[in-house]
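> This is protein25.pdb (PDB, C-alpha atoms).
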```pdb
ATOM      1  CA  MET A 169      52.738 -70.045   2.544  1.00  0.00           C
ATOM      2  CA  SER A 170      52.255 -66.873   0.479  1.00  0.00           C
ATOM      3  CA  LEU A 171      48.733 -66.336   1.792  1.00  0.00           C
ATOM      4  CA  LEU A 172      49.917 -66.847   5.371  1.00  0.00           C
ATOM      5  CA  LEU A 173      52.612 -64.225   4.855  1.00  0.00           C
ATOM      6  CA  LEU A 174      50.072 -61.881   3.291  1.00  0.00           C
ATOM      7  CA  LEU A 175      47.697 -62.321   6.220  1.00  0.00           C
ATOM      8  CA  THR A 176      50.583 -61.711   8.639  1.00  0.00           C
ATOM      9  CA  ALA A 177      51.510 -58.493   6.819  1.00  0.00           C
ATOM     10  CA  CYS A 178      47.872 -57.361   7.038  1.00  0.00           C
ATOM     11  CA  LEU A 179      47.606 -58.152  10.740  1.00  0.00           C
ATOM     12  CA  LEU A 180      50.884 -56.410  11.577  1.00  0.00           C
ATOM     13  CA  THR A 181      49.862 -53.341   9.595  1.00  0.00           C
ATOM     14  CA  CYS A 182      46.468 -53.243  11.300  1.00  0.00           C
ATOM     15  CA  LEU A 183      48.077 -53.643  14.714  1.00  0.00           C
ATOM     16  CA  GLY A 184      50.318 -50.715  13.853  1.00  0.00           C
ATOM     17  CA  GLN A 185      47.330 -48.584  12.862  1.00  0.00           C
ATOM     18  CA  VAL A 186      45.437 -49.448  16.040  1.00  0.00           C
ATOM     19  CA  ALA A 187      48.503 -48.715  18.175  1.00  0.00           C
ATOM     20  CA  GLN A 188      48.819 -45.332  16.450  1.00  0.00           C
ATOM     21  CA  LYS A 189      45.217 -44.579  17.345  1.00  0.00           C
ATOM     22  CA  TYR A 190      45.814 -45.543  20.974  1.00  0.00           C
ATOM     23  CA  ALA A 191      48.974 -43.423  21.035  1.00  0.00           C
ATOM     24  CA  VAL A 192      47.243 -40.268  19.850  1.00  0.00           C
ATOM     25  CA  GLU A 193      44.242 -40.939  22.097  1.00  0.00           C
ATOM     26  CA  SER A 194      46.582 -41.127  25.087  1.00  0.00           C
ATOM     27  CA  TRP A 195      47.940 -37.681  24.135  1.00  0.00           C
ATOM     28  CA  ARG A 196      44.496 -36.087  23.866  1.00  0.00           C
ATOM     29  CA  GLY A 197      44.017 -33.237  26.317  1.00  0.00           C
ATOM     30  CA  LYS A 198      47.579 -33.406  27.638  1.00  0.00           C
ATOM     31  CA  THR A 199      49.981 -30.534  27.326  1.00  0.00           C
ATOM     32  CA  THR A 200      53.052 -32.733  27.561  1.00  0.00           C
ATOM     33  CA  GLY A 201      55.965 -32.170  25.243  1.00  0.00           C
ATOM     34  CA  TRP A 202      57.250 -34.380  22.490  1.00  0.00           C
ATOM     35  CA  GLY A 203      59.734 -36.039  24.831  1.00  0.00           C
ATOM     36  CA  GLU A 204      56.952 -37.661  26.813  1.00  0.00           C
ATOM     37  CA  LYS A 205      54.958 -38.463  23.696  1.00  0.00           C
ATOM     38  CA  LEU A 206      57.953 -40.257  22.212  1.00  0.00           C
ATOM     39  CA  ARG A 207      58.068 -42.495  25.293  1.00  0.00           C
ATOM     40  CA  SER A 208      54.553 -43.794  24.641  1.00  0.00           C
ATOM     41  CA  PRO A 209      54.534 -47.606  24.512  1.00  0.00           C
ATOM     42  CA  TRP A 210      51.703 -47.390  21.982  1.00  0.00           C
ATOM     43  CA  LEU A 211      53.873 -45.337  19.660  1.00  0.00           C
ATOM     44  CA  TRP A 212      56.707 -47.861  19.900  1.00  0.00           C
ATOM     45  CA  LEU A 213      54.305 -50.762  19.337  1.00  0.00           C
ATOM     46  CA  ALA A 214      53.035 -48.950  16.241  1.00  0.00           C
ATOM     47  CA  LEU A 215      56.542 -48.431  14.894  1.00  0.00           C
ATOM     48  CA  PHE A 216      57.546 -52.027  15.613  1.00  0.00           C
ATOM     49  CA  SER A 217      54.373 -53.489  14.076  1.00  0.00           C
ATOM     50  CA  LEU A 218      54.565 -51.341  10.964  1.00  0.00           C
ATOM     51  CA  GLY A 219      58.266 -52.139  10.576  1.00  0.00           C
ATOM     52  CA  MET A 220      57.681 -55.876  10.899  1.00  0.00           C
ATOM     53  CA  GLY A 221      54.726 -55.583   8.546  1.00  0.00           C
ATOM     54  CA  LEU A 222      57.034 -53.979   5.987  1.00  0.00           C
ATOM     55  CA  LEU A 223      59.562 -56.800   6.298  1.00  0.00           C
ATOM     56  CA  VAL A 224      56.859 -59.450   5.898  1.00  0.00           C
ATOM     57  CA  TRP A 225      55.432 -57.484   2.955  1.00  0.00           C
ATOM     58  CA  LEU A 226      58.830 -57.724   1.240  1.00  0.00           C
ATOM     59  CA  LEU A 227      58.640 -61.510   1.605  1.00  0.00           C
ATOM     60  CA  VAL A 228      55.141 -61.436   0.109  1.00  0.00           C
ATOM     61  CA  LEU A 229      56.386 -59.476  -2.896  1.00  0.00           C
ATOM     62  CA  GLN A 230      59.051 -62.125  -3.496  1.00  0.00           C
ATOM     63  CA  ARG A 231      56.344 -64.766  -3.806  1.00  0.00           C
ATOM     64  CA  LEU A 232      53.351 -63.059  -5.394  1.00  0.00           C
ATOM     65  CA  GLU A 233      52.789 -60.691  -8.269  1.00  0.00           C
ATOM     66  CA  VAL A 234      52.279 -57.156  -7.008  1.00  0.00           C
ATOM     67  CA  GLY A 235      49.049 -56.924  -9.008  1.00  0.00           C
ATOM     68  CA  VAL A 236      47.635 -59.741  -6.892  1.00  0.00           C
ATOM     69  CA  ALA A 237      49.333 -59.017  -3.565  1.00  0.00           C
ATOM     70  CA  TYR A 238      48.648 -55.303  -3.254  1.00  0.00           C
ATOM     71  CA  PRO A 239      44.880 -55.426  -3.700  1.00  0.00           C
ATOM     72  CA  MET A 240      44.789 -58.164  -1.041  1.00  0.00           C
ATOM     73  CA  LEU A 241      46.007 -55.550   1.453  1.00  0.00           C
ATOM     74  CA  SER A 242      42.506 -54.105   1.218  1.00  0.00           C
ATOM     75  CA  LEU A 243      41.717 -56.636   3.944  1.00  0.00           C
ATOM     76  CA  ASN A 244      43.124 -53.910   6.173  1.00  0.00           C
ATOM     77  CA  PHE A 245      39.982 -51.850   5.445  1.00  0.00           C
ATOM     78  CA  VAL A 246      37.869 -54.734   6.689  1.00  0.00           C
ATOM     79  CA  LEU A 247      39.912 -55.319   9.833  1.00  0.00           C
ATOM     80  CA  ILE A 248      40.186 -51.637  10.711  1.00  0.00           C
ATOM     81  CA  THR A 249      36.443 -51.175  10.206  1.00  0.00           C
ATOM     82  CA  LEU A 250      35.787 -54.008  12.662  1.00  0.00           C
ATOM     83  CA  VAL A 251      38.221 -52.490  15.171  1.00  0.00           C
ATOM     84  CA  ALA A 252      36.705 -49.028  14.726  1.00  0.00           C
ATOM     85  CA  ARG A 253      33.229 -50.367  15.368  1.00  0.00           C
ATOM     86  CA  PHE A 254      33.837 -52.862  18.162  1.00  0.00           C
ATOM     87  CA  VAL A 255      36.930 -51.499  19.941  1.00  0.00           C
ATOM     88  CA  PHE A 256      36.623 -47.739  19.494  1.00  0.00           C
ATOM     89  CA  HIS A 257      32.782 -47.813  19.300  1.00  0.00           C
ATOM     90  CA  GLU A 258      32.739 -45.612  16.212  1.00  0.00           C
ATOM     91  CA  PRO A 259      29.560 -45.547  14.144  1.00  0.00           C
ATOM     92  CA  VAL A 260      29.634 -47.518  10.892  1.00  0.00           C
ATOM     93  CA  ASP A 261      26.689 -47.022   8.565  1.00  0.00           C
ATOM     94  CA  ARG A 262      25.122 -49.428   6.035  1.00  0.00           C
ATOM     95  CA  ARG A 263      27.022 -48.002   3.075  1.00  0.00           C
ATOM     96  CA  HIS A 264      30.303 -48.594   4.873  1.00  0.00           C
ATOM     97  CA  TRP A 265      29.313 -52.209   5.625  1.00  0.00           C
ATOM     98  CA  LEU A 266      28.354 -52.649   1.971  1.00  0.00           C
ATOM     99  CA  GLY A 267      31.813 -51.389   1.002  1.00  0.00           C
ATOM    100  CA  VAL A 268      33.378 -53.876   3.422  1.00  0.00           C
ATOM    101  CA  ALA A 269      31.349 -56.697   1.852  1.00  0.00           C
ATOM    102  CA  LEU A 270      32.501 -55.644  -1.626  1.00  0.00           C
ATOM    103  CA  VAL A 271      36.124 -55.580  -0.470  1.00  0.00           C
ATOM    104  CA  ILE A 272      35.747 -59.081   0.965  1.00  0.00           C
ATOM    105  CA  GLY A 273      34.256 -60.244  -2.336  1.00  0.00           C
ATOM    106  CA  GLY A 274      37.177 -58.755  -4.240  1.00  0.00           C
ATOM    107  CA  VAL A 275      39.706 -60.400  -1.934  1.00  0.00           C
ATOM    108  CA  VAL A 276      37.957 -63.756  -2.382  1.00  0.00           C
ATOM    109  CA  LEU A 277      38.119 -63.374  -6.175  1.00  0.00           C
ATOM    110  CA  LEU A 278      41.791 -62.439  -6.046  1.00  0.00           C
ATOM    111  CA  GLY A 279      42.525 -65.221  -3.577  1.00  0.00           C
ATOM    112  CA  GLN A 280      41.384 -67.753  -6.164  1.00  0.00           C
ATOM    113  CA  HIS A 281      44.167 -66.465  -8.428  1.00  0.00           C
ATOM    114  CA  THR A 282      46.962 -67.422  -5.997  1.00  0.00           C
TER     115      THR A 282
END
```
Just give me the structure of the file as structure tokens.

Amino acid sequence: MSLLLLLTACLLTCLGQVAQKYAVESWRGKTTGWGEKLRSPWLWLALFSLGMGLLVWLLVLQRLEVGVAYPMLSLNFVLITLVARFVFHEPVDRRHWLGVALVIGGVVLLGQHT
């Protein structure tokens, strides 16, 4: 159950980050004021996702030691890298992929502790 909650917190946080990116991309080149920007559905999805991610994270911290749980959030780096590459078509070089592989290895090692 703890790992499911941790994965949920990661996914909600990543969704929030992606929604933030979409929000600011939708503002690019527009001279609209803050009133219109605050009505962006992407912004509200980001706030909702990050808020829910926080609530789930609190449940995670009730069940796991912070020294184990917090490093597991590095899965966000992996997920966001995949989104950056395949959704936003951003370049990702070999060193970055190597870093992603090392993060995955670290998460696997930590996951054996739970």
> What is the CA of Ser208 (chain A)-CA of Gln185 (chain A) distance in Å, reported with one decimal?
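Separation of CA of Ser208 (chain A) and CA of Gln185 (chain A): 14.6 Å.
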> From the options A:Leu171, A:Leu250, A:Ala214, A:Val236, which residue's atoms come nearest to Leu183 (chain A), counting all atoms listed in the file?
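Looking at the shortest contact to Leu183 (chain A), the residue is A:Ala214.
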> Determine the residue membership of the PyMOL selection byres ((chain A and resi 272) around 12) for the file above and supply it as a list of chain:residue names.
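That selection, the PyMOL selection byres ((chain A and resi 272) around 12), comes back as A:Pro239, A:Met240, A:Leu241, A:Ser242, A:Leu243, A:Asn244, A:Phe245, A:Val246, A:Leu247, A:Trp265, A:Leu266, A:Gly267, A:Val268, A:Ala269, A:Leu270, A:Val271, A:Gly273, A:Gly274, A:Val275, A:Val276, A:Leu277, A:Leu278, A:Gly279.
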> Calculated over only C-alpha atoms, which of the candidates A:Gln280, A:Ser170, A:Ser217, A:Thr249 has the smallest distance to His264 (chain A)?
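That would be A:Thr249, the residue with the smallest distance to His264 (chain A).
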> Give one line per residue of region 212-261 of chain A that approaches region 193-207 of chain A to at most 12 Å, naming the two atoms of the closest pair and their distance in Å to one decimal, counting only C-alpha atoms; sort by chain then ascending residue number and deliver it as a tab-separated table.

```
residue	atom	partner	partner_atom	distance
A:Trp212	CA	A:Arg207	CA	7.7
A:Leu213	CA	A:Arg207	CA	10.9
A:Ala214	CA	A:Leu206	CA	11.6
A:Leu215	CA	A:Leu206	CA	11.1
A:Phe256	CA	A:Glu193	CA	10.5
```
> Evaluate the PyMOL selection byres ((chain A and resi 231-233) around 12) and record the selected residues as JSON, numbers by chain, following the chain and residue labels used in the document.
{"A": [169, 170, 171, 172, 173, 174, 224, 225, 226, 227, 228, 229, 230, 234, 235, 236, 237, 238, 239, 240, 278, 279, 281, 282]}
> So how far away is CA of Gln188 (chain A) from CA of Leu211 (chain A), in Å?
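Interatomic distance here is 6.0 Å.
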> Could you state the separation of CA of Glu258 (chain A) and CA of Leu180 (chain A) in Å, given to one decimal place?
21.6 Å
> So, counting only C-alpha atoms, which residue among A:Leu175, A:Phe254, A:Arg263, A:Cys182 is closest to Phe216 (chain A)?
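For Phe216 (chain A), the nearest of the candidates is A:Cys182.
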